[in-house]
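Q: Just dropping this structure here.
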Number of protein chains: 2
Amino acid sequence: MCQVASVVCLPKLSRVAVCGGTHGNELSGVYLVRELVKVDKKAVEKKAEEEEPASVLMVLSNPRAIQQGQRYVDTDLNRCFTHAILNGPMLDTAPYEMIRSRELNGMLGPKGSPEAVDLVCDLHNTTANMGLCLIAYSDCDWICLHIFRHLQVSQTSIPLRYIHFDVSNKESYSLDSVGKHGFAMEIGAQPHSVVRSNIYTAMKLGVQHMLDWVRSFNSGRIFEGGFVDVFTMVKHIDYPRDSETQNITAAIHPQLQDRDFCLLHPGDPLFQTFSGETLTYKGHQPLYPFFINECAYYEKGIALSLARRKRVMVPAIRVQTEQEQRANEPRYTSEEEE
Amino acid sequence: MCQVASVVCLPKLSRVAVCGGTHGNELSGVYLVRELVKVDKKAVEKKAEEEEPASVLMVLSNPRAIQQGQRYVDTDLNRCFTHAILNGPMLDTAPYEMIRSRELNGMLGPKGSPEAVDLVCDLHNTTANMGLCLIAYSDCDWICLHIFRHLQVSQTSIPLRYIHFDVSNKESYSLDSVGKHGFAMEIGAQPHSVVRSNIYTAMKLGVQHMLDWVRSFNSGRIFEGGFVDVFTMVKHIDYPRDSETQNITAAIHPQLQDRDFCLLHPGDPLFQTFSGETLTYKGHQPLYPFFINECAYYEKGIALSLARRKRVMVPAIRVQTEQEQRANEPRYTSEEEE
């Protein structure tokens, strides 16, 4: 990274991966990747391979889970990209997703290496009414934040937010952490194992706008700086549960349901028990709820997550010239050298 | 059945079954039955068993599927109550649900016999925006139709419809067909494996109103006649599919999505392909769409169902006196006598 006249210069994004079906029952991404592959094949057949400003790799991440119409076969694939899982010993009896995460790491990574793809966009759906969110591990990845800003101005038919999970690269667990830059594109509300045309179309536009931005960036355009609201995850809240059976005893309160990113104040209704009682939010500070009533998180003990909002100043950026790129070639240290 | 001064007199409804979890991932019914069992236990402990006007049996129909959070384990339980499946030979290797359907038939039936419970209310959820529907095999079951009329006046916060599947008793395949009267109470939109408080509450009220009506009927009240709009299923429409892979190639059109029971005219948008093309409804007559984009019907090849609406005149009814009941005792013929 170099900085010239307050414009941050960043390496070219030569290789981009768009992944769907990391969770096999989140169907927008599955059908979108299949559609993009089809369009891509036709384009390749038609043009005598014009030079693209970036190569785009389309991946169906968890083919077995897609085949079965399930989130996963043995374990959640999108928790299998930690340094420990990717590099630890592998038993013959390892869950399918642990084997598959290594395959994907070989294809798109290795995570943390110079060979890793430049950008991973991993497509997800949620049953929560979250609109379109980019979810990333960094609140200062200017590539991800500029892509987000581009989507904000290009895609006004759906609410957009940027969510930050404050986890180190080593501990980061999701597929998008394999790229040099990466994020999950999470869109809802859509029931799992269902595809809703409006959600599919929002995702399709999101990916198109993202790729447009990458091409534009690679071609040398300067992108002005500006502010972005970032929602940093603070904590999760579980459902009230029966101490004996561990069954949930309440649902999200109807006044909270579908109100993702609407500030939740202490004392606000949080749950409604199955006998009809209202339980309120006991926190000490107002926070922003998201992933409210996400289907797949019942088993993870998460009824909703809470975030703090902050405003991040994103600098102007442009792609490095070839000369700058050679001068700034990043030096990766291996484990032994650390 | 007897008819006195244009009031139809029908046998008492002494035994009612309320079933949840026939599909293990339709959670409103699962949590409602658990809640009713809890309330019932407390009530029994408190009162020294006052005589109830009807005994109410609460059933979790598919405990293994509930445990696994799946619609079913081996096959759809709610297709396993045909005469053929309940009475045919049973192999040791039979799917779990075929064994379970016999257990339930023993508990609530036998189907078609004088020992069967008087009324089965089977609780279901759908991802389609159907509001609250009663689904029955008859358009002249005055008990079901009067219960529906009672819900219509008692429960105004959700749209209510009566759906009729024109299938003979022998061919009828769902759990509710085991009772002398029966219907599915289908409520949506709710994603499967999720519970939404508003949908849960609508179901709870629906069951309470249904049981109130049964008590009121059994106590001798006369219920006035009147008209009911009945939606009779005419046909199903499948998604467009790739001839090679059988994968779907389009989603429900955004202009049709969530518009269950809004008349669909020839030429109206039906699907939007994943490449963005609109496909229209090619039928020759306007019909009422329902079960639009129901999650569990992708595998059954049903994108939506279409119904014809008709107006049914429901007569006034009251319960038979004990004397009438003895005089009108139904005579069931066994197989051998047929």
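Lettering and numbering for the structure tokens are positional, with chains as A, B, ... in the shown order, residues counted from 1 in each chain, and ligands counted from 1 in the shown order.
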With the cut-off set at 6 Å and counting only C-alpha atoms, tabulate each residue of chain B with an atom at most that distance from an atom of chain A, showing the nearest atom pair and its distance in Å to one decimal, ordered by chain and increasing number, as JSON lines.
A:
{"residue": "B:Pro191", "atom": "CA", "partner": "A:Pro191", "partner_atom": "CA", "distance": 4.9}
{"residue": "B:Val194", "atom": "CA", "partner": "A:Cys295", "partner_atom": "CA", "distance": 5.4}
{"residue": "B:Ser197", "atom": "CA", "partner": "A:Ala251", "partner_atom": "CA", "distance": 5.6}
{"residue": "B:Ala251", "atom": "CA", "partner": "A:Ser197", "partner_atom": "CA", "distance": 5.6}
{"residue": "B:Pro254", "atom": "CA", "partner": "A:Ser197", "partner_atom": "CA", "distance": 5.6}
{"residue": "B:Cys295", "atom": "CA", "partner": "A:Val194", "partner_atom": "CA", "distance": 5.4}
Q: At a cut-off of 6 Å, using only C-alpha atoms, what residues contact B:Ala303? Leave out same-chain residues fewer than 3 positions from it and give the result as a list in words.
A: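 That gives Ile237, Asp238, Tyr239 and Asn293 of chain B.
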Q: Keeping N, CA, C and O atoms for every residue in the selection just given, could you write it to a file as a PDB file, in the first residue's frame?
A:
ATOM      1  N   ILE B 237     -49.074 -26.063 -10.647  1.00  0.00           N
ATOM      2  CA  ILE B 237     -48.144 -25.653 -11.705  1.00  0.00           C
ATOM      3  C   ILE B 237     -46.728 -25.813 -11.176  1.00  0.00           C
ATOM      4  O   ILE B 237     -46.425 -25.370 -10.064  1.00  0.00           O
ATOM      5  N   ASP B 238     -45.871 -26.437 -11.957  1.00  0.00           N
ATOM      6  CA  ASP B 238     -44.479 -26.639 -11.552  1.00  0.00           C
ATOM      7  C   ASP B 238     -43.615 -25.465 -12.049  1.00  0.00           C
ATOM      8  O   ASP B 238     -44.034 -24.683 -12.907  1.00  0.00           O
ATOM      9  N   TYR B 239     -42.426 -25.342 -11.487  1.00  0.00           N
ATOM     10  CA  TYR B 239     -41.448 -24.373 -11.975  1.00  0.00           C
ATOM     11  C   TYR B 239     -40.955 -24.794 -13.357  1.00  0.00           C
ATOM     12  O   TYR B 239     -40.892 -25.999 -13.648  1.00  0.00           O
ATOM     13  N   ASN B 293     -44.941 -20.498  -3.952  1.00  0.00           N
ATOM     14  CA  ASN B 293     -43.560 -20.604  -3.462  1.00  0.00           C
ATOM     15  C   ASN B 293     -43.472 -21.250  -2.084  1.00  0.00           C
ATOM     16  O   ASN B 293     -42.726 -20.784  -1.217  1.00  0.00           O
TER      17      ASN B 293
END
Q: Write out as a PyMOL selection string the set of residues from stretch 104-250 of chain A that DSSP, computed on the backbone, places in helix (DSSP H, G or I).
A: chain A and resi 104-108+142-154+175-178+197-218
Q: Give me every strand (DSSP E or B) residue in stretch 220-334 of chain A, going by DSSP on the backbone, as a ChimeraX atom specification.
A: /A:223,226-237,241,248,250-252,264,269-273,278-280,287-290,304-314,316-319
Q: What's around stretch 166-175 of chain A at 10 Å? Count only C-alpha atoms, leave out sequence neighbours fewer than 4 positions away in its own chain, and write the answer as an mmCIF file with N, CA and C atoms, in the first residue's frame.
A:
data_model
loop_
_atom_site.group_PDB
_atom_site.id
_atom_site.type_symbol
_atom_site.label_atom_id
_atom_site.label_comp_id
_atom_site.auth_asym_id
_atom_site.auth_seq_id
_atom_site.Cartn_x
_atom_site.Cartn_y
_atom_site.Cartn_z
ATOM 1 N N CYS A 19 -18.651 -16.850 -4.781
ATOM 2 C CA CYS A 19 -19.001 -18.181 -4.271
ATOM 3 C C CYS A 19 -20.463 -18.222 -3.832
ATOM 4 N N THR A 22 -22.260 -21.931 -0.149
ATOM 5 C CA THR A 22 -21.448 -22.269 1.025
ATOM 6 C C THR A 22 -22.376 -22.885 2.080
ATOM 7 N N SER A 61 -19.677 -23.742 -3.445
ATOM 8 C CA SER A 61 -18.751 -24.129 -2.366
ATOM 9 C C SER A 61 -19.042 -25.492 -1.753
ATOM 10 N N ASP A 76 -20.928 -26.969 9.811
ATOM 11 C CA ASP A 76 -21.078 -25.708 9.081
ATOM 12 C C ASP A 76 -19.779 -25.353 8.344
ATOM 13 N N LEU A 77 -19.789 -25.477 7.016
ATOM 14 C CA LEU A 77 -18.589 -25.196 6.211
ATOM 15 C C LEU A 77 -18.035 -23.798 6.497
ATOM 16 N N ASN A 78 -18.947 -22.860 6.729
ATOM 17 C CA ASN A 78 -18.496 -21.474 6.892
ATOM 18 C C ASN A 78 -17.903 -21.179 8.275
ATOM 19 N N ARG A 79 -17.588 -22.233 9.023
ATOM 20 C CA ARG A 79 -16.832 -22.119 10.277
ATOM 21 C C ARG A 79 -15.528 -22.913 10.178
ATOM 22 N N CYS A 80 -15.197 -23.369 8.971
ATOM 23 C CA CYS A 80 -14.070 -24.304 8.783
ATOM 24 C C CYS A 80 -12.844 -23.668 8.140
ATOM 25 N N PHE A 81 -12.745 -22.340 8.170
ATOM 26 C CA PHE A 81 -11.601 -21.708 7.496
ATOM 27 C C PHE A 81 -10.661 -21.014 8.484
ATOM 28 N N THR A 82 -10.647 -21.484 9.729
ATOM 29 C CA THR A 82 -9.663 -20.959 10.685
ATOM 30 C C THR A 82 -8.288 -21.517 10.320
ATOM 31 N N HIS A 83 -7.288 -20.825 10.764
ATOM 32 C CA HIS A 83 -5.931 -21.289 10.575
ATOM 33 C C HIS A 83 -5.779 -22.716 11.128
ATOM 34 N N ALA A 84 -6.349 -22.958 12.306
ATOM 35 C CA ALA A 84 -6.209 -24.256 12.971
ATOM 36 C C ALA A 84 -6.823 -25.385 12.132
ATOM 37 N N ILE A 85 -8.030 -25.183 11.620
ATOM 38 C CA ILE A 85 -8.691 -26.251 10.853
ATOM 39 C C ILE A 85 -7.984 -26.473 9.515
ATOM 40 N N LEU A 86 -7.586 -25.377 8.865
ATOM 41 C CA LEU A 86 -6.963 -25.522 7.540
ATOM 42 C C LEU A 86 -5.581 -26.154 7.618
ATOM 43 N N SER A 101 -13.235 -27.633 3.017
ATOM 44 C CA SER A 101 -12.634 -26.311 3.284
ATOM 45 C C SER A 101 -11.172 -26.302 2.826
ATOM 46 N N LEU A 104 -11.177 -25.939 -0.960
ATOM 47 C CA LEU A 104 -11.456 -24.548 -1.335
ATOM 48 C C LEU A 104 -10.248 -23.664 -1.023
ATOM 49 N N ASN A 105 -9.573 -23.962 0.068
ATOM 50 C CA ASN A 105 -8.373 -23.192 0.422
ATOM 51 C C ASN A 105 -7.272 -23.396 -0.629
ATOM 52 N N LEU A 108 -8.690 -21.304 -3.761
ATOM 53 C CA LEU A 108 -8.794 -19.840 -3.634
ATOM 54 C C LEU A 108 -7.670 -19.230 -2.798
ATOM 55 N N GLY A 109 -6.964 -20.040 -2.036
ATOM 56 C CA GLY A 109 -5.925 -19.529 -1.157
ATOM 57 C C GLY A 109 -4.554 -19.895 -1.673
ATOM 58 N N LYS A 111 -4.971 -19.363 2.293
ATOM 59 C CA LYS A 111 -5.316 -18.212 3.126
ATOM 60 C C LYS A 111 -4.052 -17.557 3.665
ATOM 61 N N GLY A 112 -3.941 -16.267 3.483
ATOM 62 C CA GLY A 112 -2.809 -15.513 4.037
ATOM 63 C C GLY A 112 -1.565 -15.556 3.176
ATOM 64 N N VAL A 120 -12.689 -12.272 -2.395
ATOM 65 C CA VAL A 120 -13.723 -13.306 -2.329
ATOM 66 C C VAL A 120 -15.046 -12.649 -1.962
ATOM 67 N N CYS A 121 -16.041 -12.886 -2.771
ATOM 68 C CA CYS A 121 -17.404 -12.435 -2.463
ATOM 69 C C CYS A 121 -18.239 -13.685 -2.274
ATOM 70 N N ASP A 122 -18.651 -13.936 -1.025
ATOM 71 C CA ASP A 122 -19.366 -15.177 -0.714
ATOM 72 C C ASP A 122 -20.845 -14.862 -0.482
ATOM 73 N N ALA A 136 -17.717 -8.223 6.926
ATOM 74 C CA ALA A 136 -16.262 -8.385 6.779
ATOM 75 C C ALA A 136 -15.601 -8.385 8.147
ATOM 76 N N TYR A 137 -14.341 -8.841 8.156
ATOM 77 C CA TYR A 137 -13.591 -8.905 9.411
ATOM 78 C C TYR A 137 -12.824 -7.612 9.687
ATOM 79 N N SER A 138 -12.932 -6.653 8.777
ATOM 80 C CA SER A 138 -12.123 -5.437 8.938
ATOM 81 C C SER A 138 -12.990 -4.197 8.768
ATOM 82 N N ASP A 139 -12.692 -3.184 9.552
ATOM 83 C CA ASP A 139 -13.365 -1.899 9.362
ATOM 84 C C ASP A 139 -12.422 -0.891 8.692
ATOM 85 N N GLY A 179 -9.495 -15.051 0.858
ATOM 86 C CA GLY A 179 -8.970 -14.076 -0.102
ATOM 87 C C GLY A 179 -8.137 -12.985 0.576
ATOM 88 N N GLY A 182 -12.079 -9.767 1.305
ATOM 89 C CA GLY A 182 -13.253 -10.637 1.194
ATOM 90 C C GLY A 182 -14.387 -10.171 2.063
ATOM 91 N N PHE A 183 -15.564 -10.558 1.650
ATOM 92 C CA PHE A 183 -16.762 -10.280 2.461
ATOM 93 C C PHE A 183 -17.846 -11.271 2.091
ATOM 94 N N ALA A 184 -18.784 -11.426 3.016
ATOM 95 C CA ALA A 184 -20.013 -12.141 2.696
ATOM 96 C C ALA A 184 -21.014 -11.104 2.218
ATOM 97 N N THR A 232 -20.409 -2.644 14.090
ATOM 98 C CA THR A 232 -19.493 -3.640 14.657
ATOM 99 C C THR A 232 -20.236 -4.508 15.665
ATOM 100 N N MET A 233 -20.175 -5.824 15.442
ATOM 101 C CA MET A 233 -20.887 -6.760 16.305
ATOM 102 C C MET A 233 -20.343 -6.690 17.730
ATOM 103 N N VAL A 234 -21.245 -6.553 18.686
ATOM 104 C CA VAL A 234 -20.849 -6.457 20.098
ATOM 105 C C VAL A 234 -21.139 -7.762 20.832
#
